[in-house]
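Only one structure is covered here, and it is reproduced in the block below.
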Amino acid sequence: MGLFQLIKRHWTSRSTLPQIADEIADGCVEAVWQRVQYHVGTLAPAEARGYIRARGVAVVQPQLALVSTRHEVLEHLRPQLYALALEALIQRVQTRISASALHRQVRRAA
């Protein structure tokens, strides 16, 4: 592989990390939601983040390996990709928590 190709591959993989992290989070959100949905509604927001993070690790790691191999993410960028994917996953699950809480409030009001 030539020098130009190495530089291009390095630059491309770094610039697309957020998109790849979103792909990983999208692939994991349902499995993590199933694991946490009954517990996070009673937790404070900071506690819920930690709970989601703890339950999400087991789901994100295999998905990260699969997707990073498919996108040929360089090995030294995988920890950064892992952190981005976990954060994106937490945000998606917290959005579901908010929507679920809002739905319960509307149902009670009716």
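All residue names refer to the structure tokens as shown: chains lettered A, B, ... in order, residues numbered from 1 in each chain, ligands numbered from 1 in order.
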
Show me, as a VMD selection string, the residues that have an atom within 10 Å of His71 of chain A when counting only C-alpha atoms, minus same-chain residues fewer than 3 positions from it.
chain A and resid 13 16 to 17 20 66 to 68 74

Residues just named, written with N, CA and C atoms as a short mmCIF file (atom, residue, chain, number, x, y, z; two decimals), in the first residue's frame:
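Below is the file result-v7.cif, written as the result:
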data_model
loop_
_atom_site.label_atom_id
_atom_site.label_comp_id
_atom_site.auth_asym_id
_atom_site.auth_seq_id
_atom_site.Cartn_x
_atom_site.Cartn_y
_atom_site.Cartn_z
N SER A 13 -10.93 7.38 7.72
CA SER A 13 -11.48 6.68 8.88
C SER A 13 -11.68 7.64 10.04
N THR A 16 -14.86 9.95 9.45
CA THR A 16 -16.17 9.29 9.43
C THR A 16 -16.50 8.59 10.75
N LEU A 17 -15.68 8.75 11.77
CA LEU A 17 -15.95 8.09 13.04
C LEU A 17 -17.33 8.41 13.62
N ILE A 20 -19.89 6.33 11.79
CA ILE A 20 -19.77 4.91 12.11
C ILE A 20 -20.29 4.66 13.53
N LEU A 66 -17.69 -5.79 14.68
CA LEU A 66 -18.27 -6.09 13.37
C LEU A 66 -18.23 -4.88 12.44
N VAL A 67 -18.70 -3.76 12.91
CA VAL A 67 -18.80 -2.56 12.07
C VAL A 67 -17.43 -1.97 11.77
N SER A 68 -16.54 -1.96 12.76
CA SER A 68 -15.21 -1.39 12.50
C SER A 68 -14.42 -2.24 11.51
N LEU A 74 -9.02 1.89 11.55
CA LEU A 74 -7.69 1.58 12.05
C LEU A 74 -7.75 1.25 13.54
#

Between A:Val60, A:Ala46, A:Leu77, A:Ala65, single out the one closest to Leu89 of chain A, counting only C-alpha atoms.
A:Val60

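From atom CA of Ile90 of chain A back to atom CA of Leu64 of chain A, the distance works out to 15.1 Å.
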
Just the residues within 8 Å of Arg92 of chain A, please, counting only C-alpha atoms, with nothing from its chain fewer than 4 positions along; format it as a PyMOL selection string.
chain A and resi 25+29+88+96
